[in-house]
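Here's the structure, in structure tokens; my notes come after.
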2 protein chains.
Amino acid sequence: MPSRAQRTHRLVLRAAGRVLERTGFLDFTMAAVADEAGVSRQAVYDHFGSKSDLVVAASEHILDEARRRHGLAPLPAGASGLDALDHAIADYVRTVPSVHGVAVANDVARASDPAAQAAWANRTRVRRERYQRVFEQLDHDGRLRPEWTAKEAADLLFGLLSARMYEVLVIEGGWTVERYEQRVRRLVRDAVLDEAGAAVAAAPA
Amino acid sequence: MPSRAQRTHRLVLRAAGRVLERTGFLDFTMAAVADEAGVSRQAVYDHFGSKSDLVVAASEHILDEARRRHGLAPLPAGASGLDALDHAIADYVRTVPSVHGVAVANDVARASDPAAQAAWANRTRVRRERYQRVFEQLDHDGRLRPEWTAKEAADLLFGLLSARMYEVLVIEGGWTVERYEQRVRRLVRDAVLDEAGAAVAAAPA
DNA sequence: GCGGGAGATTGACACGGTGTCAAGATAGCT
DNA sequence: AGCTATCTTGACACCGTGTCAATCTCCCGC
């Protein structure tokens with residue numbers, strides 16, 4: 001059973017998440033969070049030293065929650081590189097909508113606070129490296145175009161799967177998430193992969 | 001000859017630009033700008049009603065300056081749709097590096113202020129529409145793939161030519177701007193255009 | 001069941017930034 | 001010189017962050 005401190009900690013964290021989602025970074029104040037949590041402002045400071053610390057922690061929390069909720073089946077064992085690519089894209093697209101607000105808030109926090117910047121850099125590095133491994137596998141399978149390195153391909157995918165891109169295409173552009181997903185898949189495949197199938201089909205003719 | 005008011009106006013504007021570029025949105029305070037301009041804080045408020053107004057105005061100013069400095073020749077009269085596309089990409093890529101800091105500051109301002117949001121929406125709408133017209137011309141030339149509308153193509157290009165993408169690929173990813181430009185060109189062409197050349201070449205065979 | 005200590009509350013404070021105001025100094029034009 | 005637009009000065013209210021100390025309350029072990 002959780003101690004009192006643990007309970008308060010979670011209470012504040014969840015409240016912070018709600019405030020962050022509701023008001024954006026804009027009106028995310030320590031007082032608002034304290035209020036939402038039904039706790040004193042000081043208690044918030046006791047558990048999270050500063051506003052940026054809280055934003056970072058809350059973001060992490062919400063991202064974890066979202067990933068758990070939409071929990072994609074972990075990639076099956078014998079999956080091909082192509083499967084891994086589709087899986088990575090699907091995983092992202094599935095969770096963006098529910099975490100987009102938080103991602104934007106984080107972007108702002110990152111621009112105005114070194115600590116948030118560092119935490120953010122950590123999290124994104126992990127994602128970039130995951131993407132890179134996918135393309136390394138594809139390279140190993142001989143499917144990566146010679147003019148692309150796995151890292152560059154990962155950069156591209158990472159950029160395509162960013163909060164900003166989601167905003168431009170889905171929110172502002174009015175694309176459905178399905179179309180977004182499908183086109184990112186197409187785009188990346190066409191750009192960085194040799195079309196093994198097409199090549200085989202073309203050869204006999 | 002400029003009146004006193006006009007002179008002060010420009011003085012503040014230029015100072016704001018320098019502060020914005022030097023310190024980012026982070027330490028961009030009215031006091032700092034006033035200081036930099038050698039003018040009283042009140043004078044700043046006299047000319048620009050609020051901080052966000054000033055950020056918006058300064059950004060606009062810097063963007064104009066950059067565009068003038070790197071002034072690309074306006075698109076020749078008889079240019080094809082493809083020329084127009086390349087021109088749009090080149091124009092953006094040529095100016096990003098020098099205005100990226102400002103763009104980021106603007107993103108932050110936009111997230112934390114409705115007024116800045118509105119001004120920003122205006123400016124981007126213009127760019128998106130310009131891109132759309134390029135693809136409409138290409139569509140008219142019968143070069144747009146049937147599964148893409150001109151607007152969707154413009155959305156994609158706009159996303160590819162965003163501050164965030166530049167950050168991911170060039171700043172963080174280490175791509176040269178030339179590579180960035182070349183690959184955006186390739187990506188967009190391959191994704192949304194019929195390859196007229198290939199089709200013509202294939203038909204006789 | 002009761003003392004003690006961890007943890008929460010309360011209210012005060014300093015600090016810095018925004019935005020506003022009014023009174024006075026200063027410039028530039030006629 | 002005199003008049004007006006413009007700029008300066010210094011004060012103020014307001015709000016958010018972060019800190020502090022005194023006080024209260026829950027709950028754990030004895």
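Convention: chains lettered A, B, ... in structure tokens order; per-chain residue numbering from 1; ligands numbered from 1 as shown.
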Result of fitting chain A to chain B over every paired C-alpha, as a PDB file with C-alpha atoms, in the first residue's frame:
```
ATOM      1  CA  MET A   1      13.618  62.236 -43.662  1.00  0.00           C
ATOM      2  CA  PRO A   2      12.234  60.173 -40.850  1.00  0.00           C
ATOM      3  CA  SER A   3      10.588  61.835 -37.900  1.00  0.00           C
ATOM      4  CA  ARG A   4      11.872  61.272 -34.411  1.00  0.00           C
ATOM      5  CA  ALA A   5       9.101  58.780 -33.745  1.00  0.00           C
ATOM      6  CA  GLN A   6       9.922  56.833 -36.875  1.00  0.00           C
ATOM      7  CA  ARG A   7      13.557  56.726 -35.963  1.00  0.00           C
ATOM      8  CA  THR A   8      12.851  55.388 -32.498  1.00  0.00           C
ATOM      9  CA  HIS A   9      10.421  52.900 -33.931  1.00  0.00           C
ATOM     10  CA  ARG A  10      13.068  51.455 -36.216  1.00  0.00           C
ATOM     11  CA  LEU A  11      15.668  51.565 -33.484  1.00  0.00           C
ATOM     12  CA  VAL A  12      13.518  49.478 -31.192  1.00  0.00           C
ATOM     13  CA  LEU A  13      12.517  47.108 -33.958  1.00  0.00           C
ATOM     14  CA  ARG A  14      16.085  46.401 -34.946  1.00  0.00           C
ATOM     15  CA  ALA A  15      17.166  46.037 -31.336  1.00  0.00           C
ATOM     16  CA  ALA A  16      14.315  43.613 -30.730  1.00  0.00           C
ATOM     17  CA  GLY A  17      15.478  41.580 -33.680  1.00  0.00           C
ATOM     18  CA  ARG A  18      18.980  41.360 -32.323  1.00  0.00           C
ATOM     19  CA  VAL A  19      17.837  40.380 -28.855  1.00  0.00           C
ATOM     20  CA  LEU A  20      15.462  37.810 -30.288  1.00  0.00           C
ATOM     21  CA  GLU A  21      18.229  36.253 -32.345  1.00  0.00           C
ATOM     22  CA  ARG A  22      20.771  36.389 -29.565  1.00  0.00           C
ATOM     23  CA  THR A  23      18.788  35.130 -26.588  1.00  0.00           C
ATOM     24  CA  GLY A  24      15.756  33.434 -28.079  1.00  0.00           C
ATOM     25  CA  PHE A  25      12.382  33.948 -26.541  1.00  0.00           C
ATOM     26  CA  LEU A  26      13.914  32.955 -23.243  1.00  0.00           C
ATOM     27  CA  ASP A  27      15.482  36.216 -22.143  1.00  0.00           C
ATOM     28  CA  PHE A  28      13.606  38.412 -24.509  1.00  0.00           C
ATOM     29  CA  THR A  29      12.411  41.022 -22.034  1.00  0.00           C
ATOM     30  CA  MET A  30      11.184  44.496 -22.684  1.00  0.00           C
ATOM     31  CA  ALA A  31      13.989  45.836 -20.529  1.00  0.00           C
ATOM     32  CA  ALA A  32      16.595  43.979 -22.575  1.00  0.00           C
ATOM     33  CA  VAL A  33      15.220  45.390 -25.798  1.00  0.00           C
ATOM     34  CA  ALA A  34      15.070  48.899 -24.389  1.00  0.00           C
ATOM     35  CA  ASP A  35      18.635  48.550 -23.252  1.00  0.00           C
ATOM     36  CA  GLU A  36      19.816  47.238 -26.570  1.00  0.00           C
ATOM     37  CA  ALA A  37      18.059  50.082 -28.356  1.00  0.00           C
ATOM     38  CA  GLY A  38      19.438  52.655 -25.949  1.00  0.00           C
ATOM     39  CA  VAL A  39      15.946  53.779 -25.155  1.00  0.00           C
ATOM     40  CA  SER A  40      13.691  53.745 -22.120  1.00  0.00           C
ATOM     41  CA  ARG A  41      11.458  50.799 -21.390  1.00  0.00           C
ATOM     42  CA  GLN A  42       8.463  53.074 -21.603  1.00  0.00           C
ATOM     43  CA  ALA A  43       9.384  54.112 -25.136  1.00  0.00           C
ATOM     44  CA  VAL A  44       9.204  50.475 -26.159  1.00  0.00           C
ATOM     45  CA  TYR A  45       5.692  50.279 -24.748  1.00  0.00           C
ATOM     46  CA  ASP A  46       4.798  53.512 -26.506  1.00  0.00           C
ATOM     47  CA  HIS A  47       5.634  52.038 -29.888  1.00  0.00           C
ATOM     48  CA  PHE A  48       4.630  48.421 -29.391  1.00  0.00           C
ATOM     49  CA  GLY A  49       1.834  47.901 -26.929  1.00  0.00           C
ATOM     50  CA  SER A  50       2.962  44.586 -25.549  1.00  0.00           C
ATOM     51  CA  LYS A  51       5.660  42.000 -25.637  1.00  0.00           C
ATOM     52  CA  SER A  52       3.818  39.769 -28.079  1.00  0.00           C
ATOM     53  CA  ASP A  53       3.167  42.677 -30.395  1.00  0.00           C
ATOM     54  CA  LEU A  54       6.855  43.384 -30.380  1.00  0.00           C
ATOM     55  CA  VAL A  55       7.815  39.790 -31.027  1.00  0.00           C
ATOM     56  CA  VAL A  56       5.461  39.612 -33.955  1.00  0.00           C
ATOM     57  CA  ALA A  57       6.671  42.899 -35.412  1.00  0.00           C
ATOM     58  CA  ALA A  58      10.313  42.014 -34.941  1.00  0.00           C
ATOM     59  CA  SER A  59       9.860  38.617 -36.543  1.00  0.00           C
ATOM     60  CA  GLU A  60       8.139  40.115 -39.518  1.00  0.00           C
ATOM     61  CA  HIS A  61      10.937  42.635 -39.811  1.00  0.00           C
ATOM     62  CA  ILE A  62      13.674  40.038 -39.688  1.00  0.00           C
ATOM     63  CA  LEU A  63      11.940  37.828 -42.197  1.00  0.00           C
ATOM     64  CA  ASP A  64      11.605  40.706 -44.611  1.00  0.00           C
ATOM     65  CA  GLU A  65      15.238  41.641 -44.137  1.00  0.00           C
ATOM     66  CA  ALA A  66      16.365  38.083 -44.781  1.00  0.00           C
ATOM     67  CA  ARG A  67      14.233  37.760 -47.856  1.00  0.00           C
ATOM     68  CA  ARG A  68      15.627  41.026 -49.170  1.00  0.00           C
ATOM     69  CA  ARG A  69      19.209  40.037 -48.431  1.00  0.00           C
ATOM     70  CA  HIS A  70      19.023  36.644 -50.062  1.00  0.00           C
ATOM     71  CA  GLY A  71      16.622  38.073 -52.576  1.00  0.00           C
ATOM     72  CA  LEU A  72      16.032  35.311 -55.068  1.00  0.00           C
ATOM     73  CA  ALA A  73      15.277  36.450 -58.557  1.00  0.00           C
ATOM     74  CA  PRO A  74      11.523  36.421 -58.911  1.00  0.00           C
ATOM     75  CA  LEU A  75      10.367  33.435 -60.862  1.00  0.00           C
ATOM     76  CA  PRO A  76      10.859  34.042 -64.602  1.00  0.00           C
ATOM     77  CA  ALA A  77       7.700  34.553 -66.640  1.00  0.00           C
ATOM     78  CA  GLY A  78       7.467  31.346 -68.633  1.00  0.00           C
ATOM     79  CA  ALA A  79       8.438  29.100 -65.742  1.00  0.00           C
ATOM     80  CA  SER A  80       6.980  25.611 -65.595  1.00  0.00           C
ATOM     81  CA  GLY A  81       5.216  24.204 -62.583  1.00  0.00           C
ATOM     82  CA  LEU A  82       8.301  22.184 -61.795  1.00  0.00           C
ATOM     83  CA  ASP A  83      10.428  25.320 -61.886  1.00  0.00           C
ATOM     84  CA  ALA A  84       8.004  26.975 -59.520  1.00  0.00           C
ATOM     85  CA  LEU A  85       8.275  24.047 -57.127  1.00  0.00           C
ATOM     86  CA  ASP A  86      12.058  24.097 -57.117  1.00  0.00           C
ATOM     87  CA  HIS A  87      11.995  27.832 -56.736  1.00  0.00           C
ATOM     88  CA  ALA A  88       9.734  27.675 -53.691  1.00  0.00           C
ATOM     89  CA  ILE A  89      11.954  25.093 -52.065  1.00  0.00           C
ATOM     90  CA  ALA A  90      15.140  26.967 -52.847  1.00  0.00           C
ATOM     91  CA  ASP A  91      13.621  30.190 -51.559  1.00  0.00           C
ATOM     92  CA  TYR A  92      12.782  28.627 -48.237  1.00  0.00           C
ATOM     93  CA  VAL A  93      16.014  26.742 -47.777  1.00  0.00           C
ATOM     94  CA  ARG A  94      18.026  29.812 -48.611  1.00  0.00           C
ATOM     95  CA  THR A  95      16.426  31.869 -45.855  1.00  0.00           C
ATOM     96  CA  VAL A  96      15.794  29.351 -43.053  1.00  0.00           C
ATOM     97  CA  PRO A  97      19.209  29.388 -41.478  1.00  0.00           C
ATOM     98  CA  SER A  98      19.129  33.078 -40.769  1.00  0.00           C
ATOM     99  CA  VAL A  99      15.573  33.157 -39.485  1.00  0.00           C
ATOM    100  CA  HIS A 100      15.348  29.868 -37.673  1.00  0.00           C
ATOM    101  CA  GLY A 101      15.939  31.304 -34.225  1.00  0.00           C
ATOM    102  CA  VAL A 102      13.203  33.795 -34.780  1.00  0.00           C
ATOM    103  CA  ALA A 103      10.853  31.151 -36.081  1.00  0.00           C
ATOM    104  CA  VAL A 104      11.316  29.129 -32.905  1.00  0.00           C
ATOM    105  CA  ALA A 105      10.739  32.177 -30.746  1.00  0.00           C
ATOM    106  CA  ASN A 106       7.578  32.766 -32.705  1.00  0.00           C
ATOM    107  CA  ASP A 107       6.411  29.226 -32.114  1.00  0.00           C
ATOM    108  CA  VAL A 108       6.732  29.809 -28.408  1.00  0.00           C
ATOM    109  CA  ALA A 109       5.006  33.165 -28.573  1.00  0.00           C
ATOM    110  CA  ARG A 110       2.224  31.570 -30.561  1.00  0.00           C
ATOM    111  CA  ALA A 111       1.702  28.901 -27.922  1.00  0.00           C
ATOM    112  CA  SER A 112       1.422  31.418 -25.132  1.00  0.00           C
ATOM    113  CA  ASP A 113      -0.399  34.312 -26.711  1.00  0.00           C
ATOM    114  CA  PRO A 114      -3.556  34.484 -28.821  1.00  0.00           C
ATOM    115  CA  ALA A 115      -2.508  37.684 -30.572  1.00  0.00           C
ATOM    116  CA  ALA A 116       0.760  36.196 -31.757  1.00  0.00           C
ATOM    117  CA  GLN A 117      -1.175  33.119 -32.770  1.00  0.00           C
ATOM    118  CA  ALA A 118      -3.402  35.172 -35.045  1.00  0.00           C
ATOM    119  CA  ALA A 119      -0.562  37.059 -36.676  1.00  0.00           C
ATOM    120  CA  TRP A 120       1.315  33.840 -37.221  1.00  0.00           C
ATOM    121  CA  ALA A 121      -1.688  32.118 -38.742  1.00  0.00           C
ATOM    122  CA  ASN A 122      -1.952  34.912 -41.254  1.00  0.00           C
ATOM    123  CA  ARG A 123       1.614  34.686 -42.394  1.00  0.00           C
ATOM    124  CA  THR A 124       1.620  30.924 -42.766  1.00  0.00           C
ATOM    125  CA  ARG A 125      -1.662  30.927 -44.633  1.00  0.00           C
ATOM    126  CA  VAL A 126      -0.060  33.040 -47.306  1.00  0.00           C
ATOM    127  CA  ARG A 127       2.792  30.580 -47.684  1.00  0.00           C
ATOM    128  CA  ARG A 128       0.520  27.571 -47.809  1.00  0.00           C
ATOM    129  CA  GLU A 129      -1.589  29.184 -50.475  1.00  0.00           C
ATOM    130  CA  ARG A 130       1.479  30.003 -52.514  1.00  0.00           C
ATOM    131  CA  TYR A 131       2.534  26.382 -52.391  1.00  0.00           C
ATOM    132  CA  GLN A 132      -0.928  25.280 -53.298  1.00  0.00           C
ATOM    133  CA  ARG A 133      -0.916  27.409 -56.435  1.00  0.00           C
ATOM    134  CA  VAL A 134       2.322  25.746 -57.476  1.00  0.00           C
ATOM    135  CA  PHE A 135       0.721  22.331 -57.258  1.00  0.00           C
ATOM    136  CA  GLU A 136      -2.392  23.569 -58.972  1.00  0.00           C
ATOM    137  CA  GLN A 137      -0.255  24.550 -61.903  1.00  0.00           C
ATOM    138  CA  LEU A 138       1.400  21.136 -61.839  1.00  0.00           C
ATOM    139  CA  ASP A 139      -2.031  19.549 -61.715  1.00  0.00           C
ATOM    140  CA  HIS A 140      -3.070  21.644 -64.677  1.00  0.00           C
ATOM    141  CA  ASP A 141      -0.006  20.322 -66.500  1.00  0.00           C
ATOM    142  CA  GLY A 142      -1.230  16.828 -65.707  1.00  0.00           C
ATOM    143  CA  ARG A 143       1.732  16.057 -63.504  1.00  0.00           C
ATOM    144  CA  LEU A 144      -0.001  15.604 -60.173  1.00  0.00           C
ATOM    145  CA  ARG A 145      -0.673  12.026 -59.160  1.00  0.00           C
ATOM    146  CA  PRO A 146      -4.406  11.331 -59.036  1.00  0.00           C
ATOM    147  CA  GLU A 147      -4.293  10.289 -55.388  1.00  0.00           C
ATOM    148  CA  TRP A 148      -3.039  13.740 -54.350  1.00  0.00           C
ATOM    149  CA  THR A 149      -4.893  17.033 -54.348  1.00  0.00           C
ATOM    150  CA  ALA A 150      -2.974  20.274 -54.757  1.00  0.00           C
ATOM    151  CA  LYS A 151      -3.898  21.219 -51.219  1.00  0.00           C
ATOM    152  CA  GLU A 152      -2.606  18.008 -49.754  1.00  0.00           C
ATOM    153  CA  ALA A 153       0.622  18.344 -51.666  1.00  0.00           C
ATOM    154  CA  ALA A 154       0.948  21.867 -50.339  1.00  0.00           C
ATOM    155  CA  ASP A 155       0.375  20.575 -46.804  1.00  0.00           C
ATOM    156  CA  LEU A 156       3.154  18.072 -47.241  1.00  0.00           C
ATOM    157  CA  LEU A 157       5.587  20.596 -48.665  1.00  0.00           C
ATOM    158  CA  PHE A 158       4.724  23.057 -45.946  1.00  0.00           C
ATOM    159  CA  GLY A 159       5.428  20.468 -43.314  1.00  0.00           C
ATOM    160  CA  LEU A 160       8.681  19.462 -44.923  1.00  0.00           C
ATOM    161  CA  LEU A 161       9.656  23.112 -45.023  1.00  0.00           C
ATOM    162  CA  SER A 162       9.027  23.886 -41.385  1.00  0.00           C
ATOM    163  CA  ALA A 163      11.336  25.107 -38.675  1.00  0.00           C
ATOM    164  CA  ARG A 164      10.936  21.820 -36.843  1.00  0.00           C
ATOM    165  CA  MET A 165      11.949  19.778 -39.861  1.00  0.00           C
ATOM    166  CA  TYR A 166      14.967  21.996 -40.402  1.00  0.00           C
ATOM    167  CA  GLU A 167      15.882  21.476 -36.786  1.00  0.00           C
ATOM    168  CA  VAL A 168      15.533  17.705 -36.930  1.00  0.00           C
ATOM    169  CA  LEU A 169      17.404  17.215 -40.180  1.00  0.00           C
ATOM    170  CA  VAL A 170      19.966  19.987 -40.394  1.00  0.00           C
ATOM    171  CA  ILE A 171      20.682  21.156 -36.871  1.00  0.00           C
ATOM    172  CA  GLU A 172      20.253  17.932 -34.948  1.00  0.00           C
ATOM    173  CA  GLY A 173      20.763  15.491 -37.807  1.00  0.00           C
ATOM    174  CA  GLY A 174      23.783  17.216 -39.249  1.00  0.00           C
ATOM    175  CA  TRP A 175      22.567  17.287 -42.824  1.00  0.00           C
ATOM    176  CA  THR A 176      23.910  20.069 -44.977  1.00  0.00           C
ATOM    177  CA  VAL A 177      21.310  22.506 -46.214  1.00  0.00           C
ATOM    178  CA  GLU A 178      22.112  21.374 -49.744  1.00  0.00           C
ATOM    179  CA  ARG A 179      21.292  17.806 -48.876  1.00  0.00           C
ATOM    180  CA  TYR A 180      18.162  18.967 -47.092  1.00  0.00           C
ATOM    181  CA  GLU A 181      17.068  20.913 -50.145  1.00  0.00           C
ATOM    182  CA  GLN A 182      17.887  18.142 -52.566  1.00  0.00           C
ATOM    183  CA  ARG A 183      16.071  15.500 -50.585  1.00  0.00           C
ATOM    184  CA  VAL A 184      12.965  17.569 -50.030  1.00  0.00           C
ATOM    185  CA  ARG A 185      12.874  18.123 -53.769  1.00  0.00           C
ATOM    186  CA  ARG A 186      13.246  14.433 -54.424  1.00  0.00           C
ATOM    187  CA  LEU A 187      10.770  13.452 -51.778  1.00  0.00           C
ATOM    188  CA  VAL A 188       8.033  15.739 -52.990  1.00  0.00           C
ATOM    189  CA  ARG A 189       8.586  14.913 -56.629  1.00  0.00           C
ATOM    190  CA  ASP A 190       8.573  11.189 -56.065  1.00  0.00           C
ATOM    191  CA  ALA A 191       5.582  11.338 -53.795  1.00  0.00           C
ATOM    192  CA  VAL A 192       3.153  13.608 -55.579  1.00  0.00           C
ATOM    193  CA  LEU A 193       4.273  13.897 -59.202  1.00  0.00           C
ATOM    194  CA  ASP A 194       3.894  11.516 -62.076  1.00  0.00           C
ATOM    195  CA  GLU A 195       7.289  10.932 -63.560  1.00  0.00           C
ATOM    196  CA  ALA A 196       6.585  12.146 -67.043  1.00  0.00           C
ATOM    197  CA  GLY A 197      10.132  11.445 -68.175  1.00  0.00           C
ATOM    198  CA  ALA A 198      10.235   7.943 -66.785  1.00  0.00           C
ATOM    199  CA  ALA A 199       6.885   7.087 -68.273  1.00  0.00           C
ATOM    200  CA  VAL A 200       7.988   8.222 -71.714  1.00  0.00           C
ATOM    201  CA  ALA A 201      11.255   6.338 -71.443  1.00  0.00           C
ATOM    202  CA  ALA A 202       9.548   3.176 -70.253  1.00  0.00           C
ATOM    203  CA  ALA A 203       6.830   3.109 -72.908  1.00  0.00           C
ATOM    204  CA  PRO A 204       9.012   2.271 -75.950  1.00  0.00           C
ATOM    205  CA  ALA A 205      10.637  -0.677 -74.151  1.00  0.00           C
TER     206      ALA A 205
END
```
Report task. Within 12 Å of chain A, which residues of chain C are there when counting only C-alpha atoms (C1' of nucleotides)? Please give them as JSON, numbers by chain. Result -> {"C": [6, 7, 8, 9, 10, 11]}
Requested in this report: Enumerate as a list of chain:residue names the residues belonging to chain D that approach chain A to within 10 Å, with only C-alpha atoms (C1' of nucleotides) taken into account.
Outcome: D:DG16, D:DT17, D:DG18, D:DT19, D:DC26, D:DC27
Report task. Can you check which residues of chain A DSSP gives as alpha helix (DSSP H) on the backbone and send them as a PyMOL selection string? Result -> chain A and resi 4-23+30-37+41-47+51-69+81-112+114-140+150-160+163-166+177-192+196-202
Please produce a file of the residues just selected, as a short mmCIF file (atom, residue, chain, number, x, y, z; two decimals), in the first residue's frame, where the atoms kept are C-alpha atoms.
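result_16.cif was written with the following content:
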```
data_model
loop_
_atom_site.label_atom_id
_atom_site.label_comp_id
_atom_site.auth_asym_id
_atom_site.auth_seq_id
_atom_site.Cartn_x
_atom_site.Cartn_y
_atom_site.Cartn_z
CA ARG A 4 0.99 9.15 2.19
CA ALA A 5 3.85 10.76 0.30
CA GLN A 6 3.44 8.38 -2.60
CA ARG A 7 -0.24 9.06 -2.75
CA THR A 8 0.24 12.80 -2.85
CA HIS A 9 2.95 12.40 -5.43
CA ARG A 10 0.62 10.55 -7.76
CA LEU A 11 -2.21 12.94 -7.03
CA VAL A 12 -0.14 15.91 -8.08
CA LEU A 13 1.26 14.12 -11.10
CA ARG A 14 -2.15 13.20 -12.41
CA ALA A 15 -3.52 16.66 -11.70
CA ALA A 16 -0.57 18.19 -13.54
CA GLY A 17 -1.33 15.99 -16.50
CA ARG A 18 -4.92 17.13 -16.60
CA VAL A 19 -4.02 20.79 -16.32
CA LEU A 20 -1.36 20.42 -18.98
CA GLU A 21 -3.82 18.81 -21.36
CA ARG A 22 -6.60 21.23 -20.58
CA THR A 23 -4.81 24.57 -20.64
CA MET A 30 1.77 25.70 -9.86
CA ALA A 31 -1.29 27.12 -8.17
CA ALA A 32 -3.58 25.63 -10.81
CA VAL A 33 -2.03 22.22 -10.38
CA ALA A 34 -2.24 22.42 -6.61
CA ASP A 35 -5.86 23.39 -6.90
CA GLU A 36 -6.65 20.61 -9.30
CA ALA A 37 -4.94 18.11 -7.02
CA ARG A 41 0.96 24.86 -3.53
CA GLN A 42 3.80 24.11 -1.17
CA ALA A 43 3.13 20.38 -1.40
CA VAL A 44 3.64 20.60 -5.14
CA TYR A 45 7.02 22.21 -4.55
CA ASP A 46 7.85 19.56 -1.98
CA HIS A 47 7.41 16.80 -4.52
CA LYS A 51 7.69 24.06 -12.65
CA SER A 52 9.89 22.58 -15.36
CA ASP A 53 10.54 19.50 -13.29
CA LEU A 54 6.83 19.06 -12.95
CA VAL A 55 6.17 19.55 -16.64
CA VAL A 56 8.78 16.99 -17.52
CA ALA A 57 7.48 14.47 -14.99
CA ALA A 58 3.88 14.98 -16.01
CA SER A 59 4.70 14.59 -19.69
CA GLU A 60 6.57 11.41 -19.06
CA HIS A 61 3.65 10.14 -17.03
CA ILE A 62 1.09 10.93 -19.69
CA LEU A 63 3.19 9.38 -22.42
CA ASP A 64 3.54 6.19 -20.44
CA GLU A 65 -0.18 6.11 -19.74
CA ALA A 66 -1.00 6.59 -23.40
CA ARG A 67 1.41 3.92 -24.49
CA ARG A 68 -0.08 1.54 -21.95
CA ARG A 69 -3.64 2.33 -22.98
CA GLY A 81 12.58 -5.05 -41.13
CA LEU A 82 9.58 -3.84 -43.07
CA ASP A 83 7.27 -5.07 -40.33
CA ALA A 84 9.35 -3.22 -37.79
CA LEU A 85 9.07 -0.03 -39.82
CA ASP A 86 5.31 -0.27 -40.12
CA HIS A 87 5.09 -1.12 -36.47
CA ALA A 88 7.08 1.95 -35.44
CA ILE A 89 4.90 4.18 -37.57
CA ALA A 90 1.68 2.64 -36.34
CA ASP A 91 2.86 2.91 -32.75
CA TYR A 92 3.50 6.60 -33.09
CA VAL A 93 0.38 7.45 -35.03
CA ARG A 94 -1.76 5.54 -32.58
CA THR A 95 -0.55 7.58 -29.62
CA VAL A 96 0.00 11.08 -31.04
CA PRO A 97 -3.53 12.34 -30.83
CA SER A 98 -3.76 11.82 -27.11
CA VAL A 99 -0.35 13.23 -26.30
CA HIS A 100 -0.06 16.02 -28.81
CA GLY A 101 -1.05 18.77 -26.41
CA VAL A 102 1.55 17.61 -23.99
CA ALA A 103 4.18 17.38 -26.68
CA VAL A 104 3.58 21.01 -27.62
CA ALA A 105 3.76 22.10 -24.01
CA ASN A 106 7.03 20.25 -23.78
CA ASP A 107 8.38 22.03 -26.83
CA VAL A 108 7.69 25.32 -25.13
CA ALA A 109 9.20 24.18 -21.86
CA ARG A 110 12.24 22.99 -23.74
CA ALA A 111 12.71 26.38 -25.37
CA SER A 112 12.57 28.22 -22.08
CA PRO A 114 17.64 24.05 -19.90
CA ALA A 115 16.53 21.29 -17.53
CA ALA A 116 13.49 20.46 -19.61
CA GLN A 117 15.71 20.61 -22.66
CA ALA A 118 17.99 17.94 -21.24
CA ALA A 119 15.18 15.61 -20.24
CA TRP A 120 13.58 16.02 -23.62
CA ALA A 121 16.81 15.33 -25.45
CA ASN A 122 17.11 12.07 -23.59
CA ARG A 123 13.68 10.85 -24.49
CA THR A 124 13.96 11.71 -28.16
CA ARG A 125 17.39 10.15 -28.45
CA VAL A 126 15.89 6.85 -27.45
CA ARG A 127 13.25 7.11 -30.16
CA ARG A 128 15.72 8.10 -32.83
CA GLU A 129 17.94 5.19 -31.96
CA ARG A 130 15.02 2.82 -32.11
CA TYR A 131 14.20 4.04 -35.59
CA GLN A 132 17.80 3.75 -36.60
CA ARG A 133 17.92 0.10 -35.58
CA VAL A 134 14.91 -0.54 -37.78
CA PHE A 135 16.71 0.86 -40.79
CA GLU A 136 19.87 -0.96 -39.88
CA GLN A 137 17.94 -4.18 -40.08
CA LEU A 138 16.52 -3.12 -43.43
CA ASP A 139 20.02 -2.27 -44.57
CA HIS A 140 21.17 -5.69 -43.44
CA ALA A 150 20.30 4.12 -41.60
CA LYS A 151 20.84 7.21 -39.50
CA GLU A 152 19.65 9.55 -42.18
CA ALA A 153 16.58 7.44 -42.77
CA ALA A 154 15.90 7.53 -39.05
CA ASP A 155 16.25 11.32 -39.10
CA LEU A 156 13.70 11.55 -41.85
CA LEU A 157 11.23 9.24 -40.15
CA PHE A 158 11.69 11.06 -36.88
CA GLY A 159 10.93 14.34 -38.56
CA LEU A 160 7.91 12.95 -40.32
CA ALA A 163 4.34 16.86 -33.25
CA ARG A 164 4.80 19.68 -35.73
CA MET A 165 4.19 17.43 -38.71
CA TYR A 166 1.09 16.01 -37.07
CA VAL A 177 -4.74 9.97 -39.02
CA GLU A 178 -5.15 6.95 -41.28
CA ARG A 179 -4.17 8.98 -44.30
CA TYR A 180 -1.29 10.48 -42.35
CA GLU A 181 -0.07 7.03 -41.38
CA GLN A 182 -0.48 5.59 -44.84
CA ARG A 183 1.33 8.43 -46.53
CA VAL A 184 4.23 8.48 -44.12
CA ARG A 185 4.61 4.77 -44.77
CA ARG A 186 4.54 5.32 -48.50
CA LEU A 187 6.84 8.29 -48.36
CA VAL A 188 9.51 6.58 -46.33
CA ARG A 189 9.34 3.37 -48.32
CA ASP A 190 9.55 5.11 -51.65
CA ALA A 191 12.31 7.39 -50.51
CA VAL A 192 14.73 5.12 -48.71
CA ALA A 196 12.43 -5.44 -54.05
CA GLY A 197 9.05 -6.50 -55.40
CA ALA A 198 9.06 -4.06 -58.27
CA ALA A 199 12.58 -4.98 -59.24
CA VAL A 200 11.71 -8.67 -59.36
CA ALA A 201 8.57 -8.00 -61.36
CA ALA A 202 10.37 -5.75 -63.81
#
```
Query raised in the report: If you measure from C1' of DC15 (chain C) to C1' of DT9 (chain D), what distance in Å do you get, rounded to one decimal?
Result: 21.9 Å
